[in-house]
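Source file: start.cif. Holds: mmCIF, C-alpha atoms and all ligand atoms.
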```
data_model
#
loop_
_atom_site.label_atom_id
_atom_site.label_comp_id
_atom_site.auth_asym_id
_atom_site.auth_seq_id
_atom_site.Cartn_x
_atom_site.Cartn_y
_atom_site.Cartn_z
CA MET A 170 120.15 -72.41 -12.50
CA VAL A 171 120.33 -74.87 -15.36
CA LEU A 172 123.48 -74.75 -17.51
CA ARG A 173 122.85 -75.83 -21.12
CA ARG A 174 125.60 -76.98 -23.52
CA ASP A 175 125.50 -74.97 -26.73
CA GLY A 176 128.21 -76.13 -29.14
CA GLY A 177 131.46 -75.51 -27.27
CA GLY A 178 129.80 -73.00 -24.93
CA LEU A 179 127.08 -72.71 -22.29
CA THR A 180 123.80 -70.84 -21.97
CA VAL A 181 121.97 -70.11 -18.74
CA ARG A 182 118.74 -68.37 -17.69
CA SER A 183 119.55 -65.80 -14.99
CA PRO A 184 116.35 -65.38 -12.93
CA SER A 185 115.11 -62.51 -10.77
CA LYS A 186 113.66 -62.41 -7.25
CA ILE A 187 111.11 -60.75 -5.06
CA ASN A 188 111.38 -60.38 -1.29
CA LEU A 189 108.21 -61.68 0.40
CA THR A 190 109.46 -60.19 3.69
CA LEU A 191 112.33 -57.87 4.56
CA ASP A 192 112.90 -57.21 8.25
CA ILE A 193 115.65 -54.67 8.94
CA ARG A 194 117.15 -55.64 12.29
CA LYS A 195 120.08 -53.29 12.93
CA ARG A 196 122.64 -50.97 11.35
CA ARG A 197 126.16 -52.47 11.42
CA SER A 198 129.52 -50.75 11.72
CA ASP A 199 130.56 -51.98 8.22
CA GLY A 200 127.86 -49.87 6.50
CA PHE A 201 125.47 -52.83 6.03
CA HIS A 202 122.34 -53.85 7.94
CA ASP A 203 121.50 -57.17 9.58
CA ILE A 204 118.35 -58.36 7.90
CA GLU A 205 115.99 -61.30 7.73
CA THR A 206 114.35 -61.72 4.37
CA VAL A 207 112.40 -64.33 2.44
CA PHE A 208 113.54 -64.56 -1.18
CA ALA A 209 111.38 -66.08 -3.92
CA ALA A 210 113.06 -66.74 -7.28
CA LEU A 211 111.06 -65.79 -10.38
CA GLU A 212 110.95 -67.36 -13.82
CA PHE A 213 111.28 -63.84 -15.32
CA GLY A 214 114.95 -63.30 -16.13
CA ASP A 215 117.84 -62.57 -18.46
CA ASP A 216 119.71 -64.99 -20.72
CA LEU A 217 123.47 -65.39 -20.74
CA ALA A 218 125.79 -67.21 -23.14
CA PHE A 219 129.42 -68.10 -22.43
CA ALA A 220 132.01 -69.23 -24.99
CA ILE A 221 135.73 -69.97 -24.52
CA GLU A 222 137.88 -67.12 -25.85
CA PRO A 223 141.19 -68.61 -27.10
CA ASP A 224 143.37 -65.56 -26.40
CA ASN A 225 142.34 -65.43 -22.68
CA ALA A 226 140.41 -62.20 -23.20
CA LEU A 227 137.25 -61.48 -21.19
CA THR A 228 134.57 -59.69 -23.21
CA LEU A 229 130.94 -58.78 -22.56
CA ARG A 230 128.23 -57.76 -25.04
CA VAL A 231 124.85 -56.56 -23.79
CA ARG A 232 121.67 -56.88 -25.87
CA ASP A 233 119.02 -54.62 -24.34
CA CYS A 234 115.67 -56.45 -24.40
CA THR A 235 114.02 -54.19 -21.82
CA GLY A 236 112.38 -52.04 -24.47
CA GLY A 237 114.40 -48.98 -23.52
CA LEU A 238 113.57 -49.36 -19.82
CA SER A 239 117.19 -49.33 -18.69
CA THR A 240 120.06 -46.98 -19.42
CA PRO A 241 122.92 -48.84 -21.19
CA LEU A 242 124.91 -51.05 -18.82
CA PRO A 243 128.70 -50.81 -18.72
CA VAL A 244 130.57 -53.76 -20.27
CA ASP A 245 133.80 -53.24 -18.28
CA SER A 246 134.69 -54.04 -14.66
CA ARG A 247 131.75 -51.92 -13.43
CA ASN A 248 129.49 -54.74 -14.63
CA LEU A 249 128.83 -57.44 -12.02
CA ILE A 250 129.33 -60.12 -14.70
CA MET A 251 132.90 -58.93 -15.31
CA GLN A 252 133.51 -58.61 -11.56
CA ALA A 253 132.34 -62.23 -11.06
CA ALA A 254 134.54 -63.51 -13.90
CA GLU A 255 137.62 -61.63 -12.63
CA LEU A 256 137.07 -62.80 -9.04
CA LEU A 257 136.77 -66.41 -10.20
CA ARG A 258 139.99 -66.15 -12.23
CA GLU A 259 141.83 -64.61 -9.28
CA ARG A 260 140.64 -67.19 -6.71
CA ALA A 261 141.12 -70.19 -9.01
CA GLY A 262 144.47 -68.88 -10.21
CA CYS A 263 143.52 -69.30 -13.86
CA ARG A 264 143.89 -67.07 -16.95
CA SER A 265 141.17 -68.61 -19.17
CA GLY A 266 139.16 -66.29 -21.38
CA ALA A 267 135.47 -66.01 -22.19
CA ALA A 268 133.17 -64.17 -24.56
CA ILE A 269 129.97 -63.43 -22.65
CA THR A 270 126.65 -62.23 -24.07
CA LEU A 271 123.82 -60.89 -21.90
CA TRP A 272 120.25 -60.51 -23.16
CA LYS A 273 118.92 -58.05 -20.55
CA ARG A 274 115.21 -58.14 -19.69
CA VAL A 275 115.16 -57.49 -15.92
CA PRO A 276 115.06 -53.75 -15.24
CA VAL A 277 117.95 -52.20 -13.30
CA GLU A 278 117.53 -50.54 -9.85
CA ALA A 279 114.24 -52.34 -9.62
CA GLY A 280 114.64 -54.41 -6.41
CA LEU A 281 114.53 -57.58 -8.53
CA GLY A 282 118.19 -58.56 -8.07
CA GLY A 283 118.85 -58.74 -11.82
CA GLY A 284 122.54 -57.81 -11.57
CA SER A 285 123.05 -60.16 -8.62
CA ALA A 286 121.55 -63.06 -10.57
CA ASN A 287 123.84 -62.26 -13.52
CA ALA A 288 126.86 -62.43 -11.18
CA ALA A 289 125.71 -65.80 -9.76
CA ALA A 290 125.08 -67.21 -13.25
CA THR A 291 128.58 -66.14 -14.26
CA LEU A 292 130.22 -67.90 -11.27
CA LEU A 293 128.31 -71.13 -11.98
CA ALA A 294 128.80 -71.08 -15.76
CA LEU A 295 132.51 -70.19 -15.84
CA ASN A 296 133.31 -72.68 -13.06
CA ASN A 297 131.92 -75.29 -15.46
CA LEU A 298 133.23 -73.87 -18.77
CA TRP A 299 136.75 -73.46 -17.41
CA SER A 300 136.61 -76.88 -15.60
CA LEU A 301 137.59 -75.30 -12.28
CA ASN A 302 135.55 -77.74 -10.17
CA LEU A 303 135.17 -75.28 -7.30
CA GLY A 304 132.58 -76.51 -4.77
CA ARG A 305 129.34 -74.73 -3.87
CA ASP A 306 130.91 -73.39 -0.63
CA ARG A 307 133.74 -71.62 -2.48
CA LEU A 308 131.28 -70.12 -4.98
CA THR A 309 129.00 -68.98 -2.14
CA GLU A 310 131.95 -67.22 -0.44
CA MET A 311 132.73 -65.38 -3.69
CA ALA A 312 129.05 -64.56 -4.16
CA ALA A 313 128.95 -62.74 -0.82
CA GLU A 314 131.91 -60.59 -1.88
CA LEU A 315 130.06 -59.52 -5.03
CA GLY A 316 126.80 -58.46 -3.34
CA SER A 317 124.34 -59.32 -0.59
CA ASP A 318 121.79 -60.99 -2.94
CA VAL A 319 124.24 -63.07 -5.01
CA ALA A 320 124.45 -66.09 -2.64
CA PHE A 321 120.69 -66.65 -2.93
CA PHE A 322 121.01 -67.02 -6.71
CA VAL A 323 124.04 -69.32 -6.39
CA SER A 324 121.94 -71.59 -4.14
CA GLY A 325 119.48 -72.11 -7.01
CA VAL A 326 116.54 -72.80 -4.66
CA PRO A 327 113.03 -71.38 -5.26
CA TYR A 328 112.48 -70.02 -1.73
CA ALA A 329 115.04 -69.19 0.97
CA VAL A 330 115.49 -67.13 4.07
CA GLY A 331 118.47 -64.75 3.95
CA ARG A 332 120.11 -63.70 7.22
CA GLY A 333 123.21 -61.68 8.15
CA ARG A 334 123.34 -59.01 5.45
CA GLY A 335 121.29 -61.39 3.27
CA GLU A 336 124.09 -63.75 2.26
CA GLU A 337 123.44 -66.54 4.81
CA ILE A 338 121.01 -68.70 2.88
CA GLU A 339 118.71 -71.44 4.16
CA GLN A 340 116.23 -73.10 1.81
CA ILE A 341 112.52 -73.01 2.65
CA PRO A 342 110.82 -76.12 1.25
CA SER A 343 107.36 -75.22 -0.06
CA PRO A 344 104.69 -76.81 -2.24
CA LEU A 345 103.42 -73.35 -3.30
CA ARG A 346 103.89 -71.83 -6.74
CA LEU A 347 102.89 -68.16 -6.66
CA GLN A 348 101.59 -66.35 -9.75
CA VAL A 349 103.09 -62.85 -9.79
CA VAL A 350 102.43 -59.54 -11.51
CA LEU A 351 105.24 -56.95 -11.39
CA VAL A 352 104.98 -53.23 -12.10
CA LYS A 353 108.23 -51.27 -12.52
CA PRO A 354 107.71 -47.48 -12.63
CA ALA A 355 109.98 -45.28 -14.73
CA SER A 356 112.22 -44.21 -11.84
CA GLY A 357 114.57 -46.58 -10.00
CA LEU A 358 116.19 -46.50 -6.54
CA SER A 359 119.65 -47.55 -5.42
CA ALA A 360 119.70 -50.06 -2.55
CA GLY A 361 122.30 -47.97 -0.67
CA ALA A 362 120.13 -44.82 -0.74
CA VAL A 363 117.07 -46.67 0.59
CA TYR A 364 119.03 -48.41 3.37
CA ARG A 365 120.47 -45.04 4.42
CA ALA A 366 116.91 -43.74 4.92
CA VAL A 367 115.61 -46.69 7.00
CA GLU A 368 115.03 -46.92 10.75
CA PRO A 369 115.75 -50.53 11.89
CA GLY A 370 112.83 -52.17 13.73
CA ASP A 371 111.85 -55.46 15.33
CA THR A 372 109.20 -56.94 13.04
CA GLU A 373 108.64 -60.72 13.08
CA GLU A 374 106.99 -61.36 9.72
CA THR A 375 109.80 -63.56 8.38
CA THR A 376 109.11 -66.34 10.90
CA ARG A 377 105.40 -66.30 9.99
CA MET A 378 106.22 -66.27 6.26
CA ILE A 379 108.51 -69.31 6.58
CA ARG A 380 105.71 -71.21 8.33
CA GLY A 381 103.15 -70.17 5.69
CA LEU A 382 105.38 -71.32 2.83
CA GLU A 383 106.30 -74.62 4.50
CA HIS A 384 102.64 -75.43 5.14
CA GLY A 385 101.63 -74.31 1.64
CA ASP A 386 99.14 -71.91 3.23
CA PHE A 387 98.50 -69.06 0.79
CA ALA A 388 96.42 -67.02 3.29
CA ASP A 389 99.31 -67.09 5.80
CA VAL A 390 101.77 -66.06 3.08
CA VAL A 391 99.54 -63.11 2.17
CA SER A 392 99.15 -61.99 5.77
CA ALA A 393 102.94 -62.07 6.39
CA LEU A 394 103.89 -59.94 3.34
CA SER A 395 106.00 -57.02 4.64
CA ASN A 396 108.95 -54.88 3.64
CA GLY A 397 110.82 -52.61 6.08
CA LEU A 398 112.31 -50.69 3.14
CA GLN A 399 108.95 -49.74 1.64
CA GLU A 400 108.28 -46.70 3.81
CA PRO A 401 111.71 -45.09 3.16
CA ALA A 402 111.45 -45.96 -0.55
CA GLN A 403 108.07 -44.22 -0.71
CA ARG A 404 109.65 -41.12 0.78
CA LEU A 405 112.35 -41.20 -1.92
CA SER A 406 110.09 -42.01 -4.89
CA SER A 407 106.45 -40.92 -5.14
CA GLU A 408 105.95 -43.49 -7.92
CA VAL A 409 106.18 -46.39 -5.45
CA SER A 410 103.01 -45.34 -3.54
CA LYS A 411 101.21 -44.54 -6.77
CA VAL A 412 101.94 -47.98 -8.26
CA CYS A 413 101.20 -49.91 -5.04
CA ASP A 414 97.90 -48.03 -4.52
CA ALA A 415 96.77 -48.87 -8.05
CA MET A 416 97.72 -52.54 -7.57
CA ARG A 417 95.95 -52.70 -4.18
CA ARG A 418 92.72 -51.57 -5.87
CA GLU A 419 92.99 -54.71 -8.02
CA LEU A 420 94.27 -57.20 -5.43
CA PRO A 421 93.73 -55.78 -1.92
CA GLY A 422 96.16 -57.05 0.74
CA ARG A 423 98.33 -58.93 -1.74
CA VAL A 424 100.66 -56.12 -2.86
CA LEU A 425 104.20 -55.23 -1.72
CA MET A 426 107.32 -53.43 -2.95
CA SER A 427 110.23 -55.80 -3.71
CA GLY A 428 113.64 -55.32 -2.04
CA SER A 429 114.76 -51.70 -2.19
CA GLY A 430 112.25 -50.89 -4.97
CA THR A 431 110.94 -49.48 -7.11
CA THR A 432 109.12 -52.55 -8.48
CA CYS A 433 105.88 -53.49 -6.74
CA PHE A 434 104.34 -56.95 -7.03
CA ALA A 435 101.06 -58.71 -6.33
CA ILE A 436 100.62 -62.45 -5.76
CA SER A 437 97.83 -64.84 -6.65
CA ARG A 438 97.22 -68.58 -6.95
CA SER A 439 95.55 -68.07 -10.32
CA LYS A 440 97.38 -67.48 -13.59
CA ARG A 441 94.17 -66.17 -15.14
CA GLU A 442 93.75 -63.62 -12.32
CA VAL A 443 97.26 -62.17 -12.71
CA SER A 444 96.85 -61.95 -16.50
CA ARG A 445 93.54 -60.08 -16.09
CA VAL A 446 95.01 -57.71 -13.46
CA ALA A 447 98.13 -57.13 -15.61
CA GLU A 448 95.94 -56.09 -18.55
CA ARG A 449 94.09 -53.55 -16.39
CA LEU A 450 97.35 -52.20 -14.96
CA ARG A 451 98.84 -51.82 -18.46
CA GLN A 452 95.91 -49.60 -19.41
CA GLN A 453 96.75 -47.29 -16.46
CA ARG A 454 100.29 -46.70 -17.83
CA LEU A 455 101.97 -46.72 -14.41
CA GLY A 456 105.08 -48.48 -15.67
CA HIS A 457 106.25 -51.70 -17.27
CA VAL A 458 104.05 -54.66 -16.35
CA PHE A 459 105.35 -58.26 -16.29
CA VAL A 460 103.52 -61.50 -15.56
CA THR A 461 105.55 -64.37 -14.13
CA HIS A 462 105.59 -67.01 -11.39
CA THR A 463 107.91 -68.37 -8.71
CA LEU A 464 110.24 -71.21 -9.71
C1 LIG B 1 117.42 -54.86 -0.89
C2 LIG B 1 117.95 -56.25 -1.18
O1 LIG B 1 117.94 -56.50 -2.58
C3 LIG B 1 117.03 -57.27 -0.53
O2 LIG B 1 117.25 -58.58 -0.99
C4 LIG B 1 119.38 -56.43 -0.66
O3 LIG B 1 119.42 -56.23 0.74
C5 LIG B 1 120.37 -55.50 -1.36
O4 LIG B 1 121.24 -56.33 -2.02
P1 LIG B 1 122.31 -55.82 -3.10
O5 LIG B 1 121.64 -54.96 -4.11
O6 LIG B 1 123.04 -57.06 -3.53
O7 LIG B 1 123.18 -54.88 -2.22
P2 LIG B 1 124.78 -54.73 -2.07
O8 LIG B 1 125.35 -54.50 -3.41
O9 LIG B 1 125.31 -55.83 -1.23
O10 LIG B 1 124.83 -53.38 -1.22
C6 LIG B 1 124.46 -52.14 -1.74
C7 LIG B 1 124.33 -51.17 -0.57
O11 LIG B 1 123.09 -51.46 0.16
C8 LIG B 1 123.30 -51.32 1.55
N1 LIG B 1 122.96 -52.59 2.22
C9 LIG B 1 122.84 -53.75 1.51
C10 LIG B 1 122.51 -54.92 2.14
C11 LIG B 1 122.32 -54.90 3.55
N2 LIG B 1 122.00 -56.01 4.22
N3 LIG B 1 122.45 -53.75 4.23
C12 LIG B 1 122.75 -52.58 3.58
O12 LIG B 1 122.86 -51.54 4.23
C13 LIG B 1 124.74 -50.90 1.75
O13 LIG B 1 124.74 -49.50 1.84
C14 LIG B 1 125.41 -51.32 0.47
O14 LIG B 1 126.52 -50.49 0.15
N1 LIG B 2 124.86 -57.14 -15.08
C1 LIG B 2 124.23 -56.15 -14.44
N2 LIG B 2 122.88 -56.08 -14.48
C2 LIG B 2 122.23 -55.08 -13.81
N3 LIG B 2 122.84 -54.12 -13.12
C3 LIG B 2 124.18 -54.13 -13.05
C4 LIG B 2 124.93 -55.14 -13.70
N4 LIG B 2 126.22 -54.90 -13.45
C5 LIG B 2 126.29 -53.81 -12.71
N5 LIG B 2 125.07 -53.31 -12.45
C6 LIG B 2 124.79 -52.13 -11.63
O1 LIG B 2 124.20 -52.57 -10.39
C7 LIG B 2 123.22 -51.64 -9.93
C8 LIG B 2 121.89 -52.29 -9.52
O2 LIG B 2 121.78 -53.54 -10.02
P1 LIG B 2 120.42 -54.37 -9.94
O3 LIG B 2 119.60 -54.11 -11.12
O4 LIG B 2 120.77 -55.78 -9.63
O5 LIG B 2 119.74 -53.71 -8.67
P2 LIG B 2 118.38 -53.94 -8.04
O6 LIG B 2 117.34 -54.25 -9.07
O7 LIG B 2 118.08 -52.80 -7.15
O8 LIG B 2 118.60 -55.26 -7.24
P3 LIG B 2 118.66 -55.51 -5.68
O9 LIG B 2 117.33 -56.07 -5.35
O10 LIG B 2 119.78 -56.53 -5.61
O11 LIG B 2 118.98 -54.25 -4.97
C9 LIG B 2 123.03 -50.65 -11.06
O12 LIG B 2 123.65 -49.47 -10.64
C10 LIG B 2 123.73 -51.24 -12.26
O13 LIG B 2 124.35 -50.26 -13.06
#
```

Write the structure described by the file as structure tokens, please.
Amino acid sequence: MVLRRDGGGLTVRSPSKINLTLDIRKRRSDGFHDIETVFAALEFGDDLAFAIEPDNALTLRVRDCTGGLSTPLPVDSRNLIMQAAELLRERAGCRSGAAITLWKRVPVEAGLGGGSANAAATLLALNNLWSLNLGRDRLTEMAAELGSDVAFFVSGVPYAVGRGRGEEIEQIPSPLRLQVVLVKPASGLSAGAVYRAVEPGDTEETTRMIRGLEHGDFADVVSALSNGLQEPAQRLSSEVSKVCDAMRRELPGRVLMSGSGTTCFAISRSKREVSRVAERLRQQRLGHVFVTHTL
């Protein structure tokens, strides 16, 4: 994530992600699951601005740019941005203040990790704005406390494998840039509800996906696309199957649900192809359609 100086403050683009694979290995006693997943960061994201607040207050304003797609987000400690700021203050032992503004574009409960990316952006930006000089390791530890996806966004890499409950991050070097079309249906799903409905299995797609990305082999990437949460998500939301079926008619074999849903995505090497497919999907009114690419 690139921090930009803006007067006395900072601005940062908070990206989103898709999961190119998601293997659910086993249910743990702490309520989480051991997983292996391949994250890909997307250019599509929110914007955040941070300014020093002289009286040590922490405030958050949200500007909804989703076109009414999301219900209003809380601006108190229920918001992951406020949780990240408070955690940073507590661990660094500081009482600095900040006025934070979020321009929200990434839909909520979409499987795109929008809230997790906001939390990561907040850790990185306030560490800089408040001159705390905490190292990447300390920020990564805090990230894992805030949510399973946050460490990936703190890493700032385009592709990574996530192990453990998703917070153990290892970069996957790749020459590939994927063009991506996203369709988010009206309904959302909470990650907890989808994980509760899953049966852990022993799929091996993540290893194949890592190899495909490293070799820059698009055909291998396509053949390894898989998501162990898709079947339970489809049971919980009929819109997921409807959207994926419509996308498969356009780009057979290249469609998957992201994370815990409900967004489905399709990948291509061609910008022109995703734009054409997006136009056709918009006409079918299945949900909000976004065109983007991996970072
Ligand atoms: C679906 C993914 O987005 C894939 O990247 C993540 O696994 C979920 O990440 P997240 O939204 O950051 O999730 P968290 O806020 O950490 O957890 C929400 C809930 O999802 C379930 N959860 C999450 C991650 C995991 N490895 N196993 C789980 O069972 C737990 O019930 C947890 O209470
Ligand atoms: N800044 C934030 N942006 C988005 N959601 C937030 C934020 N802060 C708190 N939340 C809450 O977090 C929950 C889900 O967030 P998010 O949109 O990141 O989920 P998601 O798209 O399913 O992502 P994931 O792939 O990580 O599961 C919602 O219940 C939302 O109210």

Show me which residues sit within 6 Å of ligand LIG 1 (chain B) when counting all atoms listed in the file, and put them as a PyMOL selection string.
-> chain A and resi 200-204+280+282+285+316-318+334-335+360-361+364+428-429

Between A:Gly214, A:Pro327, A:Gly357, A:Gly385, which one has atoms that come closest to Leu405 in chain A, using all atoms listed in the file?
->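 Selected residue with least distance to Leu405 in chain A: A:Gly357.
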
List all protein, DNA and RNA residues that have an atom no more than 10 Å from any atom of ligand LIG 2 (chain B), counting all atoms listed in the file, and report them as a ChimeraX atom specification.
-> /A:185-188,215,229,231,239-253,271-288,291,316-319,357-361,363,427-432

Could you name the residues that touch Arg194 in chain A at 9 Å or less, counting all atoms listed in the file, but leaving out those on the same chain fewer than 2 positions away, as a PyMOL selection string?
-> chain A and resi 192+196+202-205+369-372

One-decimal distance in Å that lies between CA of Ser183 in chain A and CA of Pro354 in chain A |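 About the pair CA of Pro354 in chain A and CA of Ser183 in chain A: they are 21.9 Å apart.
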
Do you have the CA of Cys433 in chain A-CA of Gln453 in chain A distance handy?
-> 14.7 Å

Pick out the closest residue to Gln452 in chain A from this set: A:Ala290, A:Ala415, A:Ala226, A:Ala402. Count only C-alpha atoms.
->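 Smallest separation from Gln452 in chain A among the options: A:Ala415.
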
For Ile379 in chain A, which residue out of A:Ser343, A:Gly236, A:Ser410, A:Ala312 is the nearest one, using only C-alpha atoms?
-> A:Ser343

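Between CA of Gly397 in chain A and CA of Leu308 in chain A lies a distance of 29.1 Å.
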
Which one is closest to Phe208 in chain A: A:Ile338, A:Met311, A:Leu257, A:Leu172? Count all atoms listed in the file.
->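 Once distances to Phe208 in chain A are computed over all atoms listed in the file, the minimum belongs to A:Ile338.
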
How big is the axis-aligned box around all listed atoms of range 430-440 of chain A once 4 Å goes on each side, and where's its centre, in Å to one decimal, as lines of an AutoDock Vina configuration file?
```
center_x = 103.9
center_y = -59.0
center_z = -9.3
size_x = 24.7
size_y = 27.1
size_z = 16.6
```
